[in-house]
$ cat structure15.cif   # mmCIF, N, CA and C atoms
data_work
loop_
_atom_site.label_atom_id
_atom_site.label_comp_id
_atom_site.auth_asym_id
_atom_site.auth_seq_id
_atom_site.Cartn_x
_atom_site.Cartn_y
_atom_site.Cartn_z
N MET A 1 -107.28 7.33 -92.11
CA MET A 1 -107.28 8.62 -91.44
C MET A 1 -107.44 9.74 -92.46
N ALA A 2 -106.67 9.70 -93.54
CA ALA A 2 -106.77 10.73 -94.58
C ALA A 2 -108.13 10.67 -95.26
N ASP A 3 -108.65 9.43 -95.43
CA ASP A 3 -109.97 9.29 -96.05
C ASP A 3 -111.05 9.95 -95.20
N ASP A 4 -110.93 9.79 -93.88
CA ASP A 4 -111.91 10.40 -92.98
C ASP A 4 -111.87 11.93 -93.09
N GLU A 5 -110.67 12.44 -93.20
CA GLU A 5 -110.52 13.90 -93.32
C GLU A 5 -111.13 14.40 -94.63
N LEU A 6 -110.90 13.66 -95.71
CA LEU A 6 -111.47 14.04 -97.00
C LEU A 6 -112.99 13.92 -96.98
N LYS A 7 -113.50 12.85 -96.38
CA LYS A 7 -114.96 12.67 -96.30
C LYS A 7 -115.59 13.82 -95.52
N LYS A 8 -114.95 14.21 -94.42
CA LYS A 8 -115.47 15.32 -93.61
C LYS A 8 -115.42 16.62 -94.41
N ALA A 9 -114.33 16.85 -95.14
CA ALA A 9 -114.21 18.07 -95.95
C ALA A 9 -115.28 18.09 -97.05
N PHE A 10 -115.51 16.94 -97.68
CA PHE A 10 -116.55 16.87 -98.73
C PHE A 10 -117.94 17.11 -98.15
N SER A 11 -118.22 16.51 -97.01
CA SER A 11 -119.55 16.70 -96.41
C SER A 11 -119.74 18.15 -95.95
N ASP A 12 -118.68 18.75 -95.41
CA ASP A 12 -118.77 20.16 -95.00
C ASP A 12 -119.02 21.05 -96.21
N LEU A 13 -118.32 20.78 -97.30
CA LEU A 13 -118.50 21.57 -98.50
C LEU A 13 -119.91 21.40 -99.06
N GLN A 14 -120.40 20.17 -99.06
CA GLN A 14 -121.75 19.91 -99.57
C GLN A 14 -122.78 20.65 -98.72
N GLN A 15 -122.62 20.61 -97.41
CA GLN A 15 -123.53 21.32 -96.51
C GLN A 15 -123.49 22.83 -96.77
N GLN A 16 -122.28 23.35 -96.91
CA GLN A 16 -122.12 24.79 -97.18
C GLN A 16 -122.77 25.16 -98.50
N MET A 17 -122.60 24.32 -99.52
CA MET A 17 -123.18 24.61 -100.83
C MET A 17 -124.71 24.61 -100.76
N LEU A 18 -125.29 23.67 -100.03
CA LEU A 18 -126.75 23.61 -99.89
C LEU A 18 -127.28 24.86 -99.17
N GLU A 19 -126.62 25.23 -98.08
CA GLU A 19 -127.04 26.42 -97.34
C GLU A 19 -126.92 27.68 -98.20
N THR A 20 -125.81 27.78 -98.92
CA THR A 20 -125.59 28.95 -99.76
C THR A 20 -126.61 29.00 -100.89
N GLU A 21 -126.91 27.86 -101.48
CA GLU A 21 -127.90 27.82 -102.55
C GLU A 21 -129.26 28.29 -102.05
N GLN A 22 -129.64 27.88 -100.85
CA GLN A 22 -130.91 28.32 -100.28
C GLN A 22 -130.91 29.82 -100.02
N ARG A 23 -129.80 30.32 -99.49
CA ARG A 23 -129.70 31.76 -99.22
C ARG A 23 -129.72 32.57 -100.51
N VAL A 24 -129.05 32.07 -101.54
CA VAL A 24 -129.03 32.77 -102.83
C VAL A 24 -130.43 32.82 -103.42
N LYS A 25 -131.16 31.70 -103.33
CA LYS A 25 -132.54 31.68 -103.84
C LYS A 25 -133.41 32.67 -103.08
N ALA A 26 -133.25 32.72 -101.75
CA ALA A 26 -134.03 33.66 -100.93
C ALA A 26 -133.67 35.10 -101.30
N SER A 27 -132.39 35.36 -101.50
CA SER A 27 -131.97 36.71 -101.88
C SER A 27 -132.53 37.09 -103.25
N ASN A 28 -132.49 36.15 -104.17
CA ASN A 28 -133.02 36.43 -105.51
C ASN A 28 -134.53 36.69 -105.47
N ASN A 29 -135.23 35.95 -104.62
CA ASN A 29 -136.67 36.19 -104.46
C ASN A 29 -136.92 37.57 -103.88
N GLN A 30 -136.12 37.97 -102.90
CA GLN A 30 -136.26 39.31 -102.32
C GLN A 30 -135.96 40.38 -103.36
N ILE A 31 -134.92 40.17 -104.15
CA ILE A 31 -134.56 41.13 -105.20
C ILE A 31 -135.70 41.26 -106.20
N ASP A 32 -136.29 40.14 -106.60
CA ASP A 32 -137.42 40.18 -107.53
C ASP A 32 -138.59 40.97 -106.95
N GLY A 33 -138.88 40.73 -105.67
CA GLY A 33 -139.96 41.46 -105.01
C GLY A 33 -139.68 42.95 -104.95
N LEU A 34 -138.44 43.31 -104.65
CA LEU A 34 -138.07 44.73 -104.60
C LEU A 34 -138.16 45.38 -105.98
N LYS A 35 -137.77 44.63 -107.01
CA LYS A 35 -137.87 45.17 -108.37
C LYS A 35 -139.32 45.40 -108.76
N ARG A 36 -140.20 44.47 -108.37
CA ARG A 36 -141.63 44.67 -108.62
C ARG A 36 -142.15 45.89 -107.87
N GLY A 37 -141.67 46.08 -106.65
CA GLY A 37 -142.05 47.24 -105.86
C GLY A 37 -141.60 48.53 -106.52
N ILE A 38 -140.40 48.54 -107.06
CA ILE A 38 -139.90 49.73 -107.76
C ILE A 38 -140.76 50.02 -108.98
N GLN A 39 -141.10 48.97 -109.73
CA GLN A 39 -141.93 49.15 -110.92
C GLN A 39 -143.30 49.71 -110.53
N HIS A 40 -143.88 49.20 -109.47
CA HIS A 40 -145.18 49.68 -109.00
C HIS A 40 -145.07 51.15 -108.58
N THR A 41 -144.00 51.49 -107.88
CA THR A 41 -143.79 52.86 -107.43
C THR A 41 -143.62 53.81 -108.61
N LYS A 42 -142.89 53.36 -109.63
CA LYS A 42 -142.70 54.20 -110.83
C LYS A 42 -144.03 54.45 -111.52
N LEU A 43 -144.84 53.41 -111.64
CA LEU A 43 -146.15 53.57 -112.27
C LEU A 43 -147.03 54.54 -111.49
N THR A 44 -147.01 54.40 -110.17
CA THR A 44 -147.80 55.30 -109.33
C THR A 44 -147.32 56.74 -109.49
N ASP A 45 -146.01 56.93 -109.49
CA ASP A 45 -145.43 58.27 -109.65
C ASP A 45 -145.82 58.87 -111.00
N LYS A 46 -145.79 58.04 -112.04
CA LYS A 46 -146.15 58.52 -113.37
C LYS A 46 -147.62 58.97 -113.41
N GLU A 47 -148.49 58.22 -112.75
CA GLU A 47 -149.90 58.59 -112.71
C GLU A 47 -150.11 59.89 -111.94
N ILE A 48 -149.41 60.04 -110.83
CA ILE A 48 -149.55 61.27 -110.04
C ILE A 48 -149.00 62.47 -110.82
N GLU A 49 -147.92 62.25 -111.56
CA GLU A 49 -147.33 63.32 -112.36
C GLU A 49 -148.32 63.84 -113.40
N GLY A 50 -149.14 62.96 -113.92
CA GLY A 50 -150.09 63.35 -114.96
C GLY A 50 -151.35 64.03 -114.44
N LEU A 51 -151.51 64.11 -113.11
CA LEU A 51 -152.70 64.74 -112.55
C LEU A 51 -152.65 66.27 -112.72
N PRO A 52 -153.79 66.89 -112.93
CA PRO A 52 -153.82 68.36 -113.02
C PRO A 52 -153.42 68.99 -111.69
N GLU A 53 -152.89 70.20 -111.77
CA GLU A 53 -152.49 70.94 -110.58
C GLU A 53 -153.70 71.14 -109.67
N GLY A 54 -153.51 70.96 -108.38
CA GLY A 54 -154.59 71.16 -107.42
C GLY A 54 -155.45 69.93 -107.16
N THR A 55 -155.15 68.83 -107.83
CA THR A 55 -155.91 67.60 -107.59
C THR A 55 -155.61 67.11 -106.17
N ARG A 56 -156.65 66.73 -105.48
CA ARG A 56 -156.47 66.22 -104.12
C ARG A 56 -155.91 64.81 -104.19
N THR A 57 -154.84 64.59 -103.46
CA THR A 57 -154.21 63.27 -103.41
C THR A 57 -154.16 62.80 -101.97
N TYR A 58 -154.26 61.50 -101.80
CA TYR A 58 -154.32 60.91 -100.47
C TYR A 58 -153.26 59.83 -100.34
N GLU A 59 -152.73 59.73 -99.13
CA GLU A 59 -151.76 58.68 -98.82
C GLU A 59 -152.46 57.65 -97.95
N SER A 60 -152.24 56.39 -98.28
CA SER A 60 -152.83 55.31 -97.50
C SER A 60 -152.01 55.10 -96.23
N VAL A 61 -152.71 55.13 -95.10
CA VAL A 61 -152.06 54.89 -93.81
C VAL A 61 -152.91 53.86 -93.07
N GLY A 62 -152.48 52.63 -93.11
CA GLY A 62 -153.26 51.57 -92.49
C GLY A 62 -154.60 51.42 -93.19
N ARG A 63 -155.67 51.62 -92.44
CA ARG A 63 -157.02 51.51 -93.02
C ARG A 63 -157.59 52.86 -93.42
N SER A 64 -156.83 53.91 -93.20
CA SER A 64 -157.35 55.24 -93.50
C SER A 64 -156.48 55.93 -94.55
N PHE A 65 -156.93 57.11 -94.96
CA PHE A 65 -156.23 57.89 -95.96
C PHE A 65 -156.03 59.30 -95.43
N ILE A 66 -154.87 59.88 -95.73
CA ILE A 66 -154.56 61.23 -95.28
C ILE A 66 -154.34 62.10 -96.51
N LEU A 67 -154.95 63.27 -96.51
CA LEU A 67 -154.78 64.21 -97.60
C LEU A 67 -153.36 64.74 -97.59
N ARG A 68 -152.68 64.62 -98.72
CA ARG A 68 -151.30 65.09 -98.85
C ARG A 68 -151.15 65.79 -100.20
N PRO A 69 -150.28 66.79 -100.25
CA PRO A 69 -149.99 67.41 -101.55
C PRO A 69 -149.31 66.37 -102.48
N ALA A 70 -149.57 66.48 -103.77
CA ALA A 70 -149.00 65.53 -104.73
C ALA A 70 -147.47 65.53 -104.67
N GLY A 71 -146.88 66.69 -104.45
CA GLY A 71 -145.41 66.77 -104.36
C GLY A 71 -144.87 65.96 -103.20
N ASP A 72 -145.57 65.97 -102.07
CA ASP A 72 -145.12 65.18 -100.92
C ASP A 72 -145.21 63.69 -101.22
N ILE A 73 -146.28 63.30 -101.86
CA ILE A 73 -146.45 61.88 -102.20
C ILE A 73 -145.38 61.44 -103.20
N ARG A 74 -145.11 62.30 -104.19
CA ARG A 74 -144.07 61.96 -105.16
C ARG A 74 -142.70 61.86 -104.48
N GLY A 75 -142.44 62.74 -103.51
CA GLY A 75 -141.19 62.67 -102.76
C GLY A 75 -141.08 61.38 -101.97
N MET A 76 -142.20 60.98 -101.36
CA MET A 76 -142.23 59.73 -100.61
C MET A 76 -141.97 58.53 -101.56
N LEU A 77 -142.57 58.58 -102.74
CA LEU A 77 -142.37 57.50 -103.71
C LEU A 77 -140.92 57.44 -104.17
N ASP A 78 -140.31 58.62 -104.36
CA ASP A 78 -138.91 58.68 -104.76
C ASP A 78 -138.01 58.08 -103.68
N GLU A 79 -138.29 58.40 -102.42
CA GLU A 79 -137.52 57.83 -101.32
C GLU A 79 -137.68 56.31 -101.26
N ARG A 80 -138.88 55.83 -101.51
CA ARG A 80 -139.15 54.39 -101.51
C ARG A 80 -138.34 53.70 -102.60
N MET A 81 -138.27 54.32 -103.78
CA MET A 81 -137.48 53.73 -104.88
C MET A 81 -136.00 53.70 -104.52
N LYS A 82 -135.50 54.78 -103.93
CA LYS A 82 -134.08 54.83 -103.54
C LYS A 82 -133.77 53.76 -102.50
N LEU A 83 -134.66 53.61 -101.53
CA LEU A 83 -134.47 52.60 -100.49
C LEU A 83 -134.46 51.20 -101.09
N ASN A 84 -135.38 50.93 -102.00
CA ASN A 84 -135.41 49.61 -102.65
C ASN A 84 -134.16 49.38 -103.49
N ASP A 85 -133.67 50.41 -104.18
CA ASP A 85 -132.42 50.28 -104.94
C ASP A 85 -131.25 49.93 -104.02
N GLN A 86 -131.21 50.57 -102.86
CA GLN A 86 -130.14 50.29 -101.90
C GLN A 86 -130.24 48.86 -101.38
N ARG A 87 -131.45 48.42 -101.11
CA ARG A 87 -131.64 47.04 -100.64
C ARG A 87 -131.22 46.04 -101.70
N ILE A 88 -131.56 46.33 -102.96
CA ILE A 88 -131.16 45.44 -104.06
C ILE A 88 -129.65 45.36 -104.15
N ALA A 89 -128.98 46.51 -104.06
CA ALA A 89 -127.52 46.53 -104.13
C ALA A 89 -126.91 45.72 -102.99
N LYS A 90 -127.47 45.87 -101.79
CA LYS A 90 -126.94 45.14 -100.64
C LYS A 90 -127.15 43.63 -100.80
N LEU A 91 -128.34 43.24 -101.24
CA LEU A 91 -128.61 41.81 -101.45
C LEU A 91 -127.74 41.22 -102.54
N THR A 92 -127.51 41.98 -103.60
CA THR A 92 -126.65 41.52 -104.69
C THR A 92 -125.23 41.32 -104.18
N GLU A 93 -124.76 42.26 -103.37
CA GLU A 93 -123.42 42.16 -102.80
C GLU A 93 -123.31 40.94 -101.90
N GLN A 94 -124.32 40.70 -101.08
CA GLN A 94 -124.30 39.53 -100.19
C GLN A 94 -124.31 38.23 -100.99
N THR A 95 -125.09 38.19 -102.06
CA THR A 95 -125.16 37.01 -102.90
C THR A 95 -123.80 36.73 -103.54
N GLN A 96 -123.16 37.76 -104.05
CA GLN A 96 -121.85 37.59 -104.65
C GLN A 96 -120.83 37.10 -103.63
N TYR A 97 -120.90 37.62 -102.41
CA TYR A 97 -119.99 37.19 -101.35
C TYR A 97 -120.20 35.70 -101.03
N MET A 98 -121.46 35.29 -100.94
CA MET A 98 -121.74 33.88 -100.63
C MET A 98 -121.21 32.97 -101.74
N GLU A 99 -121.42 33.35 -103.00
CA GLU A 99 -120.94 32.55 -104.11
C GLU A 99 -119.41 32.48 -104.11
N LYS A 100 -118.78 33.60 -103.80
CA LYS A 100 -117.32 33.64 -103.74
C LYS A 100 -116.81 32.73 -102.63
N SER A 101 -117.50 32.72 -101.50
CA SER A 101 -117.11 31.88 -100.37
C SER A 101 -117.17 30.40 -100.73
N VAL A 102 -118.20 30.00 -101.45
CA VAL A 102 -118.32 28.61 -101.87
C VAL A 102 -117.20 28.24 -102.84
N LYS A 103 -116.90 29.13 -103.77
CA LYS A 103 -115.82 28.85 -104.73
C LYS A 103 -114.48 28.71 -104.01
N GLU A 104 -114.24 29.55 -103.01
CA GLU A 104 -112.99 29.44 -102.25
C GLU A 104 -112.93 28.11 -101.50
N SER A 105 -114.04 27.68 -100.95
CA SER A 105 -114.08 26.39 -100.25
C SER A 105 -113.83 25.24 -101.22
N GLU A 106 -114.41 25.33 -102.41
CA GLU A 106 -114.18 24.30 -103.42
C GLU A 106 -112.70 24.24 -103.79
N GLN A 107 -112.10 25.41 -103.96
CA GLN A 107 -110.69 25.48 -104.33
C GLN A 107 -109.82 24.88 -103.22
N ALA A 108 -110.14 25.17 -101.98
CA ALA A 108 -109.38 24.63 -100.86
C ALA A 108 -109.50 23.11 -100.82
N LEU A 109 -110.69 22.60 -101.11
CA LEU A 109 -110.89 21.15 -101.12
C LEU A 109 -110.11 20.51 -102.26
N ARG A 110 -110.12 21.13 -103.42
CA ARG A 110 -109.34 20.60 -104.55
C ARG A 110 -107.85 20.55 -104.20
N GLU A 111 -107.38 21.60 -103.54
CA GLU A 111 -105.97 21.65 -103.15
C GLU A 111 -105.67 20.53 -102.14
N LEU A 112 -106.57 20.28 -101.23
CA LEU A 112 -106.40 19.20 -100.26
C LEU A 112 -106.33 17.85 -100.97
N VAL A 113 -107.19 17.63 -101.95
CA VAL A 113 -107.18 16.38 -102.72
C VAL A 113 -105.87 16.24 -103.48
N ARG A 114 -105.38 17.32 -104.08
CA ARG A 114 -104.11 17.28 -104.82
C ARG A 114 -102.95 16.92 -103.89
N GLN A 115 -102.96 17.50 -102.70
CA GLN A 115 -101.90 17.20 -101.72
C GLN A 115 -101.93 15.73 -101.33
N ARG A 116 -103.12 15.19 -101.14
CA ARG A 116 -103.27 13.78 -100.77
C ARG A 116 -102.78 12.87 -101.90
N GLN A 117 -103.10 13.26 -103.13
CA GLN A 117 -102.69 12.45 -104.29
C GLN A 117 -101.19 12.51 -104.48
N ALA A 118 -100.59 13.65 -104.20
CA ALA A 118 -99.14 13.80 -104.34
C ALA A 118 -98.41 12.95 -103.31
N LYS A 119 -98.97 12.83 -102.12
CA LYS A 119 -98.35 12.02 -101.06
C LYS A 119 -98.51 10.53 -101.33
N ALA A 120 -99.57 10.16 -102.03
CA ALA A 120 -99.86 8.74 -102.26
C ALA A 120 -99.00 8.14 -103.31
#
$ encode --input "structure15.cif" --output "structure tokens"
Amino acid sequence: MADDELKKAFSDLQQQMLETEQRVKASNNQIDGLKRGIQHTKLTDKEIEGLPEGTRTYESVGRSFILRPAGDIRGMLDERMKLNDQRIAKLTEQTQYMEKSVKESEQALRELVRQRQAKA
């Protein structure tokens, strides 16, 4: 009976660890993509900053382009960077929570094994 309980606890922990590992990998991939997006946005902003005053700038909207002042485009790029930073922070927080959850489950399983060994 105790062996069945331990086997179930081990299999549950293994399943949780596999799911968490997959989620962590997905989160890390998303974070990498967002970081690349931030880098691209910074480069674009730097190029726009270097343009002479009065240069016509366009924003891509689907298949077309709309004439926008450079300041508006730079503001949009700044907002995009802030949004990506917020997403990165949220994903990092979620990843840390998932890792903490797995460690707590491991600790609970170890405690269960210790209790079983003490009774035996």
$ resolve_selection --input "structure15.cif" --expression "the PyMOL selection byres ((chain A and resi 58) around 7)" --output "JSON, numbers by chain"
{"A": [56, 57, 59, 60, 65, 66, 67, 68, 69]}
$ resolve_selection --input "structure15.cif" --expression "the PyMOL selection byres ((chain A and resi 78-92) around 8)" --output "PDB file with N, CA and C atoms, keeping the file's coordinate frame"
ATOM      1  N   SER A  27    -132.390  35.360-101.500  1.00  0.00           N
ATOM      2  CA  SER A  27    -131.970  36.710-101.880  1.00  0.00           C
ATOM      3  C   SER A  27    -132.530  37.090-103.250  1.00  0.00           C
ATOM      4  N   ASN A  28    -132.490  36.150-104.170  1.00  0.00           N
ATOM      5  CA  ASN A  28    -133.020  36.430-105.510  1.00  0.00           C
ATOM      6  C   ASN A  28    -134.530  36.690-105.470  1.00  0.00           C
ATOM      7  N   GLN A  30    -136.120  37.970-102.900  1.00  0.00           N
ATOM      8  CA  GLN A  30    -136.260  39.310-102.320  1.00  0.00           C
ATOM      9  C   GLN A  30    -135.960  40.380-103.360  1.00  0.00           C
ATOM     10  N   ILE A  31    -134.920  40.170-104.150  1.00  0.00           N
ATOM     11  CA  ILE A  31    -134.560  41.130-105.200  1.00  0.00           C
ATOM     12  C   ILE A  31    -135.700  41.260-106.200  1.00  0.00           C
ATOM     13  N   ASP A  32    -136.290  40.140-106.600  1.00  0.00           N
ATOM     14  CA  ASP A  32    -137.420  40.180-107.530  1.00  0.00           C
ATOM     15  C   ASP A  32    -138.590  40.970-106.950  1.00  0.00           C
ATOM     16  N   LEU A  34    -138.440  43.310-104.650  1.00  0.00           N
ATOM     17  CA  LEU A  34    -138.070  44.730-104.600  1.00  0.00           C
ATOM     18  C   LEU A  34    -138.160  45.380-105.980  1.00  0.00           C
ATOM     19  N   LYS A  35    -137.770  44.630-107.010  1.00  0.00           N
ATOM     20  CA  LYS A  35    -137.870  45.170-108.370  1.00  0.00           C
ATOM     21  C   LYS A  35    -139.320  45.400-108.760  1.00  0.00           C
ATOM     22  N   GLY A  37    -141.670  46.080-106.650  1.00  0.00           N
ATOM     23  CA  GLY A  37    -142.050  47.240-105.860  1.00  0.00           C
ATOM     24  C   GLY A  37    -141.600  48.530-106.520  1.00  0.00           C
ATOM     25  N   ILE A  38    -140.400  48.540-107.060  1.00  0.00           N
ATOM     26  CA  ILE A  38    -139.900  49.730-107.760  1.00  0.00           C
ATOM     27  C   ILE A  38    -140.760  50.020-108.980  1.00  0.00           C
ATOM     28  N   GLN A  39    -141.100  48.970-109.730  1.00  0.00           N
ATOM     29  CA  GLN A  39    -141.930  49.150-110.920  1.00  0.00           C
ATOM     30  C   GLN A  39    -143.300  49.710-110.530  1.00  0.00           C
ATOM     31  N   THR A  41    -144.000  51.490-107.880  1.00  0.00           N
ATOM     32  CA  THR A  41    -143.790  52.860-107.430  1.00  0.00           C
ATOM     33  C   THR A  41    -143.620  53.810-108.610  1.00  0.00           C
ATOM     34  N   LYS A  42    -142.890  53.360-109.630  1.00  0.00           N
ATOM     35  CA  LYS A  42    -142.700  54.200-110.830  1.00  0.00           C
ATOM     36  C   LYS A  42    -144.030  54.450-111.520  1.00  0.00           C
ATOM     37  N   ASP A  45    -146.010  56.930-109.490  1.00  0.00           N
ATOM     38  CA  ASP A  45    -145.430  58.270-109.650  1.00  0.00           C
ATOM     39  C   ASP A  45    -145.820  58.870-111.000  1.00  0.00           C
ATOM     40  N   ASP A  72    -145.570  65.970-102.070  1.00  0.00           N
ATOM     41  CA  ASP A  72    -145.120  65.180-100.920  1.00  0.00           C
ATOM     42  C   ASP A  72    -145.210  63.690-101.220  1.00  0.00           C
ATOM     43  N   ILE A  73    -146.280  63.300-101.860  1.00  0.00           N
ATOM     44  CA  ILE A  73    -146.450  61.880-102.200  1.00  0.00           C
ATOM     45  C   ILE A  73    -145.380  61.440-103.200  1.00  0.00           C
ATOM     46  N   ARG A  74    -145.110  62.300-104.190  1.00  0.00           N
ATOM     47  CA  ARG A  74    -144.070  61.960-105.160  1.00  0.00           C
ATOM     48  C   ARG A  74    -142.700  61.860-104.480  1.00  0.00           C
ATOM     49  N   GLY A  75    -142.440  62.740-103.510  1.00  0.00           N
ATOM     50  CA  GLY A  75    -141.190  62.670-102.760  1.00  0.00           C
ATOM     51  C   GLY A  75    -141.080  61.380-101.970  1.00  0.00           C
ATOM     52  N   MET A  76    -142.200  60.980-101.360  1.00  0.00           N
ATOM     53  CA  MET A  76    -142.230  59.730-100.610  1.00  0.00           C
ATOM     54  C   MET A  76    -141.970  58.530-101.560  1.00  0.00           C
ATOM     55  N   LEU A  77    -142.570  58.580-102.740  1.00  0.00           N
ATOM     56  CA  LEU A  77    -142.370  57.500-103.710  1.00  0.00           C
ATOM     57  C   LEU A  77    -140.920  57.440-104.170  1.00  0.00           C
ATOM     58  N   GLU A  93    -124.760  42.260-103.370  1.00  0.00           N
ATOM     59  CA  GLU A  93    -123.420  42.160-102.800  1.00  0.00           C
ATOM     60  C   GLU A  93    -123.310  40.940-101.900  1.00  0.00           C
ATOM     61  N   GLN A  94    -124.320  40.700-101.080  1.00  0.00           N
ATOM     62  CA  GLN A  94    -124.300  39.530-100.190  1.00  0.00           C
ATOM     63  C   GLN A  94    -124.310  38.230-100.990  1.00  0.00           C
ATOM     64  N   THR A  95    -125.090  38.190-102.060  1.00  0.00           N
ATOM     65  CA  THR A  95    -125.160  37.010-102.900  1.00  0.00           C
ATOM     66  C   THR A  95    -123.800  36.730-103.540  1.00  0.00           C
ATOM     67  N   GLN A  96    -123.160  37.760-104.050  1.00  0.00           N
ATOM     68  CA  GLN A  96    -121.850  37.590-104.650  1.00  0.00           C
ATOM     69  C   GLN A  96    -120.830  37.100-103.630  1.00  0.00           C
ATOM     70  N   TYR A  97    -120.900  37.620-102.410  1.00  0.00           N
ATOM     71  CA  TYR A  97    -119.990  37.190-101.350  1.00  0.00           C
ATOM     72  C   TYR A  97    -120.200  35.700-101.030  1.00  0.00           C
ATOM     73  N   MET A  98    -121.460  35.290-100.940  1.00  0.00           N
ATOM     74  CA  MET A  98    -121.740  33.880-100.630  1.00  0.00           C
ATOM     75  C   MET A  98    -121.210  32.970-101.740  1.00  0.00           C
TER      76      MET A  98
END
$ atom_distance --input "structure15.cif" --atom1 "atom N of Glu99 of chain A" --atom2 "atom C of Gln22 of chain A"
10.6 Å
$ select_by_dssp --input "structure15.cif" --residues "segment 21-104 of chain A" --states "helix (DSSP H, G or I)" --output "ChimeraX atom specification"
/A:21-49,70-104
$ axis_aligned_box --input "structure15.cif" --around "segment 86-101 of chain A" --padding-each-side "4 Å" --output "JSON"
{"center_x": -124.2, "center_y": 40.5, "center_z": -102.4, "size_x": 22.8, "size_y": 28.2, "size_z": 12.5}
